[in-house]
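*Asks:* Mind looking over this structure? Questions follow.
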Amino acid sequence: MSTEVKNKELETIEVQTEELIEKHGFDDHFHDHHHGDKYQSGFFSKYVFSLDHKIIGRQFLITGMIWAIVGAAMSVIFRLQLGFPEANLEWLQPLLGKWIIVDNGIGTLSQEFYYALVTMHGTIIVFFVLTAGLSGTFSNLLIPLQIGARDMASPLMNMLSYWFFFLASCVMLFSLFLSTGPFAGGWVAYPPLSALPQASTGSGAGMTLWLVSLVLFVVSTLLGGINYITTVLNLRTKGMTLWKMPLTIWAFFVTAIIGLLSFPVLVAGFFLLMFDRSLGTSFYLSEIFIGGQALDHVGGSPILYQHLFWFLGHPEVYIIILPAMGIASEVLSVHSRKPIFGYRAMVYSIMAIAFLSFIVWAHHMFMAGVNPFLSNIFTIFTLIIAVPSAVKVFNWITTIYKGNIRFNSASLFAIGFVSMFISGGLTGIFLGNSVLDIQLHDTYFVVAHFHIVMGVSAFFGMFAGIYQWFPKMFGRFMNETLGRIHFWGTMIGAYVVFWPMHYLGMFGVPRRYYSFDTFDSFAGFDGINQFVTIGAIITFFVQLIFVVNFFYSIWNGRKMKSKNPYKANTLEWTTPIDTGHGNWPGKLPVVERWPYDYSKNGEDYVPQIIPLKEGEEEH
Amino acid sequence: MSIHSTQRNKIHPYKFALYLSLAGLIMMFAALSSAYIVRQSQGNWLEFRLPQLFYVSTAFILMSSGSLIMTKKYFKAHKKKKYQFLLIVTFILGIGFLITQYYSWIAMYESGIDLKGNPAGSFVYALSILHAFHVLGGIAVLIVALYHAFTLKFEVTAKRILRLELTSTYWHFVDILWVYLLLFFILQR
Ligand code: HEM
Ligand SMILES: [Cu+2]
């Protein structure tokens, strides 16, 4: 088909769409009020203190990207020290100052700051990038657009959600520059390192700021989440029943519910932690001696903190992965021109995962001294999670199987997501066995597991989403060639970095160690560590290709010519290319069918607003 | 901008959002209660009598809920004076609750239960202080309601009924939460 004919065809479809919405659209009297929307004037109110969910989504995205670069750069620095302890890191002194210790002309990263970097890397990536940056961006951008709403239920709360995240970011950023350094006791902030201000350099002011920042962050997440849930339940357009929602929306919706029920528990844990830190209570602190001196604390239980932390901590990993799953489902279906396989099974497995995620937390504590009987119960629940996870994997593969796949950056990253999720999920099954965990706990095997299943997978979902909806956000496309280089570089790079870690872990090499010099048994692993470090450096630079592509394309990318460039069915592609606040200039679209009518009855695609033909069966 | 004109639902989105926030708060206090139980089961747990003043404060907050119910009723019945009066009563009872809580903590301290001492005492302090913060939030909301009651023209509109309902939902919630905490402290000793 020549491009001209193609364009003609596209145009007709768009005109028809326009007419359809005009004719059958759902009148919400919006346009009566729309003129002179007072929020739209002025640069500040439009781009800074915006109430428009689409702008707020972009704010989350850009802030998340900045944090991703910072967090990834940190990992490169500590990997350099780990992989090449003999190398001279003096060149980092302008950046890190006194944390680079120069001895005999050789600069090394100080031990304190090594731990600080590991801690900050984890905190930043888990909370700021993969929670706020992922959920915040795509829930905001897509929920109103895909359910046919003008905006979120409370645009004000939505704006506050971003600004609380921004404040949290500022506080955490500030803590990096403290003279005693940021918190350095691991992203999970276990007591006593987190509870005793005198425990280590970062445990004082660093930990205080860490706590303040995370509490602000939780406020942001809750404001956002409450809004997402309310919007999905209350503001769907006419015809958009729950069972007609795209899987993206299902995923964001359930994610928000998990967050709402688990983050407050973390705050409860932090609350007691603050008492221990500042008011001298002993919730988490048992008898402790520092330098031979007994502290006043008696009778506390550090395990109590671990319970409270992991009651959030485990659901949190699903808060991170579910949005990525939703995005992957949507992208895979659109680009293989096939309906998603097992739509309802997908929804039910999202729900099952969400439910189970609340009753497996103690698998992080098998080695912390919990009752072995309890461990067995948690082993069973943990292994059951593999079932809905496997259902999803099966459905993704079946969706692309024999599909008419369009390979582009978005679909490649979605396929990569599935690959990563399988590799990482399998190692979870080993870890979930409390007996195997005796060997594997706190080793590089765990590091490999969660980086692949959560870190890399969620990043892949996020990349897929960015490439897919970039035109919706900026009216232009990202560069496809650079996108593919980015994909292959990241795909190979991620396996190069994390695969070898499994072997280290099986040999018992512990995570979070500054150096293995004193352990003869780990002497043979220098080569692997260097290999991993080199892989990490290269993968880091591959990400810069993405960053360049992203910002270059905002202003110079190929322009979006038609409303629906992917020939997709969902509602976001029925809005004008330049989508204003309120999303649809006239009436709201009315939904007539589910979102996955691809290759149905000889039609390549049938958007959700097209009524069922006479005698046509719903999917 | 009328985002909400699309709704076909019976429950207002703001109310719904409030219910969701309350679910979050329930999770938080549930977490603290279970922390209490877990810690208690590990032994080294002091048994002591709760300060009698806790019962006085409970009476205060229960009465304040009662008067808030009446406030709403009179508002809907266009009884301006009674509505304003009962709102003030609610506010004063709320303040009374906080003051009594403060003296309860003092009484606890004077009877030898130090915040820094046995966790049995620390938990009671921590939970009731956290609860008091939530009441303080409720007081702030009541101040807004009072401000509206005395500065705005008296009109019974859907919007103002909604505001009053949101206020009272939250207030009743912190009330019930306190009753729950008190029963929990009594039963879990
Ligand atoms: C098949 C499903 C899975 C099972 C059975 C499983 C099991 C486990 C177990 C038992 C551990 C604790 C290991 C230890 O510390 O000794 C663990 C760690 C972890 N898992 Fe999974 N997992 C699964 C899937 C996932 C998914 C989907 C994610 C994230 C999206 C995830 C993220 C994590 C993280 C972040 C940690 C480590 C946290 C830390 O200690 O810093 N896991 N997993
Ligand atoms: Cu887990």
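Each chain in the structure tokens gets a letter, A, B, ..., in the order shown, and its residues are numbered from 1; ligands are numbered from 1 in order too.
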Within 9 Å of Gln468 (chain A), counting only C-alpha atoms, which residues qualify if same-chain residues fewer than 5 places away don't, as an MDAnalysis selection string?
*Replies:* chainID A and resid 331 409:411 463 477 566
*Asks:* Restrict the distance test to only C-alpha atoms, flag each residue of chain A within 7 Å of chain B, and return the flagged residues as a PyMOL selection string.
*Replies:* chain A and resi 28+30+33-34+150-151+153+226-227+230+234-235+260-261+264-265+268+280-283+304
*Asks:* What do you get as a list in words if you pick all residues at most 8 Å from ligand 2, counting only C-alpha atoms and all ligand atoms?
*Replies:*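 Answer in the requested format: Trp310, Gly313, His314, Pro315, Val317, Ser357, Val360, Trp361, Ala362, His363 and His364 of chain A.
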*Asks:* Go ahead and save the picked residues with N, CA and C atoms, as a PDB file, in the first residue's frame.
*Replies:*
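Generated file (selection_13.pdb):
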ATOM      1  N   TRP A 310       8.764  -5.155  55.816  1.00  0.00           N
ATOM      2  CA  TRP A 310       8.488  -6.050  54.701  1.00  0.00           C
ATOM      3  C   TRP A 310       7.000  -6.210  54.436  1.00  0.00           C
ATOM      4  N   GLY A 313       7.356  -3.793  52.182  1.00  0.00           N
ATOM      5  CA  GLY A 313       8.440  -4.069  51.249  1.00  0.00           C
ATOM      6  C   GLY A 313       8.054  -5.061  50.179  1.00  0.00           C
ATOM      7  N   HIS A 314       7.401  -6.153  50.555  1.00  0.00           N
ATOM      8  CA  HIS A 314       7.057  -7.082  49.491  1.00  0.00           C
ATOM      9  C   HIS A 314       5.954  -6.547  48.576  1.00  0.00           C
ATOM     10  N   PRO A 315       4.823  -6.059  49.111  1.00  0.00           N
ATOM     11  CA  PRO A 315       3.859  -5.431  48.193  1.00  0.00           C
ATOM     12  C   PRO A 315       4.503  -4.355  47.319  1.00  0.00           C
ATOM     13  N   VAL A 317       7.322  -4.328  45.887  1.00  0.00           N
ATOM     14  CA  VAL A 317       7.926  -4.838  44.651  1.00  0.00           C
ATOM     15  C   VAL A 317       6.841  -5.093  43.600  1.00  0.00           C
ATOM     16  N   SER A 357       0.510 -10.898  47.594  1.00  0.00           N
ATOM     17  CA  SER A 357       1.674 -10.087  47.962  1.00  0.00           C
ATOM     18  C   SER A 357       1.602  -9.627  49.417  1.00  0.00           C
ATOM     19  N   VAL A 360       3.180 -12.804  52.074  1.00  0.00           N
ATOM     20  CA  VAL A 360       4.441 -13.523  51.848  1.00  0.00           C
ATOM     21  C   VAL A 360       5.644 -12.806  52.441  1.00  0.00           C
ATOM     22  N   TRP A 361       5.389 -11.689  53.165  1.00  0.00           N
ATOM     23  CA  TRP A 361       6.513 -10.807  53.480  1.00  0.00           C
ATOM     24  C   TRP A 361       7.645 -11.474  54.247  1.00  0.00           C
ATOM     25  N   ALA A 362       7.313 -12.487  55.056  1.00  0.00           N
ATOM     26  CA  ALA A 362       8.371 -13.044  55.893  1.00  0.00           C
ATOM     27  C   ALA A 362       9.390 -13.859  55.102  1.00  0.00           C
ATOM     28  N   HIS A 363       9.178 -14.025  53.769  1.00  0.00           N
ATOM     29  CA  HIS A 363      10.239 -14.733  53.035  1.00  0.00           C
ATOM     30  C   HIS A 363      11.518 -13.895  52.960  1.00  0.00           C
ATOM     31  N   HIS A 364      11.422 -12.641  53.350  1.00  0.00           N
ATOM     32  CA  HIS A 364      12.645 -11.836  53.452  1.00  0.00           C
ATOM     33  C   HIS A 364      13.323 -12.028  54.801  1.00  0.00           C
TER      34      HIS A 364
END
*Asks:* Could you please determine the separation between CA of Val446 (chain A) and CA of Arg79 (chain A) in Å, to one decimal place?
*Replies:* 16.8 Å
*Asks:* Looking only at helix (DSSP H, G or I) from DSSP on the backbone, list the matching residues of region 99-253 of chain A as an MDAnalysis selection string.
*Replies:* chainID A and resid 99 111:147 155:175 201:203 205:234 242:244 247:253
*Asks:* Extract, using only C-alpha atoms, all DNA, RNA and protein residues at most 9 Å from Val56 (chain B), discarding same-chain residues fewer than 4 positions from it, and format them as a PyMOL selection string.
*Replies:* chain B and resi 52+60-61+97+100-101
*Asks:* Please produce a file of the residues just selected, as a CSV table (one decimal), in the first residue's frame, where the atoms kept are N, CA and C atoms.
*Replies:*
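Full text of part-v9.csv as output:
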chain,number,residue,atom,x,y,z
B,52,GLN,N,-7.2,7.0,84.8
B,52,GLN,CA,-8.7,7.2,84.8
B,52,GLN,C,-9.1,8.3,83.8
B,60,PHE,N,-15.7,12.9,76.4
B,60,PHE,CA,-15.6,14.1,75.6
B,60,PHE,C,-15.8,13.9,74.1
B,61,ILE,N,-15.0,12.9,73.6
B,61,ILE,CA,-15.0,12.8,72.2
B,61,ILE,C,-16.3,12.1,71.7
B,97,PHE,N,-11.1,17.1,74.6
B,97,PHE,CA,-10.5,15.8,74.5
B,97,PHE,C,-9.0,15.9,74.5
B,100,THR,N,-7.6,16.7,77.9
B,100,THR,CA,-7.6,15.6,78.8
B,100,THR,C,-6.6,14.5,78.5
B,101,GLN,N,-6.4,14.3,77.2
B,101,GLN,CA,-5.3,13.4,76.8
B,101,GLN,C,-4.0,13.8,77.4
*Asks:* Taking only C-alpha atoms and all ligand atoms into account, which residues are within 7 Å of ligand 1, as a count of residues only?
*Replies:* 29
*Asks:* Which is closer to Asp175 (chain B) than all the others in B:Leu86, B:Leu142, B:Val156, B:Val135, using only C-alpha atoms?
*Replies:*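 So, comparing all the options, the nearest one is B:Val135.
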*Asks:* For Leu482 (chain A), please output as a ChimeraX atom specification all residues within 7 Å (counting only C-alpha atoms; exclusion window: fewer than 4 positions along the same chain).
*Replies:* /A:486,545,549
*Asks:* Take the residues just selected and output them with all heavy atoms as an mmCIF file, in the first residue's frame.
*Replies:*
data_model
loop_
_atom_site.group_PDB
_atom_site.id
_atom_site.type_symbol
_atom_site.label_atom_id
_atom_site.label_comp_id
_atom_site.auth_asym_id
_atom_site.auth_seq_id
_atom_site.Cartn_x
_atom_site.Cartn_y
_atom_site.Cartn_z
ATOM 1 N N HIS A 486 19.463 1.254 21.794
ATOM 2 C CA HIS A 486 19.215 1.293 23.232
ATOM 3 C C HIS A 486 18.697 -0.054 23.714
ATOM 4 O O HIS A 486 19.171 -0.606 24.712
ATOM 5 C CB HIS A 486 18.210 2.414 23.534
ATOM 6 C CG HIS A 486 17.761 2.484 24.960
ATOM 7 N ND1 HIS A 486 16.457 2.768 25.318
ATOM 8 C CD2 HIS A 486 18.433 2.300 26.120
ATOM 9 C CE1 HIS A 486 16.362 2.751 26.629
ATOM 10 N NE2 HIS A 486 17.535 2.476 27.148
ATOM 11 N N ILE A 545 22.235 7.146 25.615
ATOM 12 C CA ILE A 545 21.664 7.243 24.266
ATOM 13 C C ILE A 545 20.166 7.526 24.377
ATOM 14 O O ILE A 545 19.613 8.359 23.670
ATOM 15 C CB ILE A 545 21.872 5.920 23.492
ATOM 16 C CG1 ILE A 545 23.349 5.622 23.351
ATOM 17 C CG2 ILE A 545 21.160 5.966 22.148
ATOM 18 C CD1 ILE A 545 23.628 4.295 22.669
ATOM 19 N N ASN A 549 18.180 10.763 23.076
ATOM 20 C CA ASN A 549 17.064 10.549 22.164
ATOM 21 C C ASN A 549 15.794 11.214 22.697
ATOM 22 O O ASN A 549 15.065 11.891 21.981
ATOM 23 C CB ASN A 549 16.864 9.031 22.003
ATOM 24 C CG ASN A 549 15.877 8.681 20.909
ATOM 25 O OD1 ASN A 549 15.300 9.569 20.282
ATOM 26 N ND2 ASN A 549 15.677 7.393 20.682
#
*Asks:* Between B:His78, B:Lys73, B:Arg49, B:His172, which has the minimum distance to Ser111 (chain B) (counting only C-alpha atoms)?
*Replies:*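 Looking at the shortest contact to Ser111 (chain B), the residue is B:Arg49.
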*Asks:* Pick the closest to Met346 (chain A) from A:Ala328, A:Leu156, A:Leu134, A:Ile452: which is it, counting only C-alpha atoms?
*Replies:* A:Ala328
*Asks:* Work out how far apart CA of Phe271 (chain A) and CA of Tyr102 (chain B) are and give it in Å to one decimal.
*Replies:*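 That distance, rounded to one decimal, is 19.4 Å.
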*Asks:* Which residues, written as a list in words, have at least one atom at most 10 Å from Leu146 (chain B), with only C-alpha atoms counted and residues fewer than 2 positions away on the same chain left out?
*Replies:*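 These residues fall inside the cut-off: Gln84, Phe85, Leu87, Ile88, Phe91, Ala140, Val141, Leu142, Ile143, Val144, His148, Ala149, Phe150, Thr151 and Leu152 of chain B.
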*Asks:* If we count only C-alpha atoms and set the cut-off at 12 Å, which residues sit around Met70 (chain B), ignoring sequence neighbours fewer than 5 positions away in its own chain? Please answer as a list in words.
*Replies:*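 The filter keeps Met63, Ser64, Ser65, Phe75, Lys76, Ala77, Lys79, Lys82, Tyr83, Gln84, Phe85, Leu86, Leu87, Ile88, Val89, Thr90, Leu164 and Ser168 of chain B.
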*Asks:* Just checking: using only C-alpha atoms, which residue out of A:Ala195, A:Leu242, A:Met152, A:Val129 ends up closest to Ile69 (chain A)?
*Replies:*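 The closest residue to Ile69 (chain A) is A:Val129.
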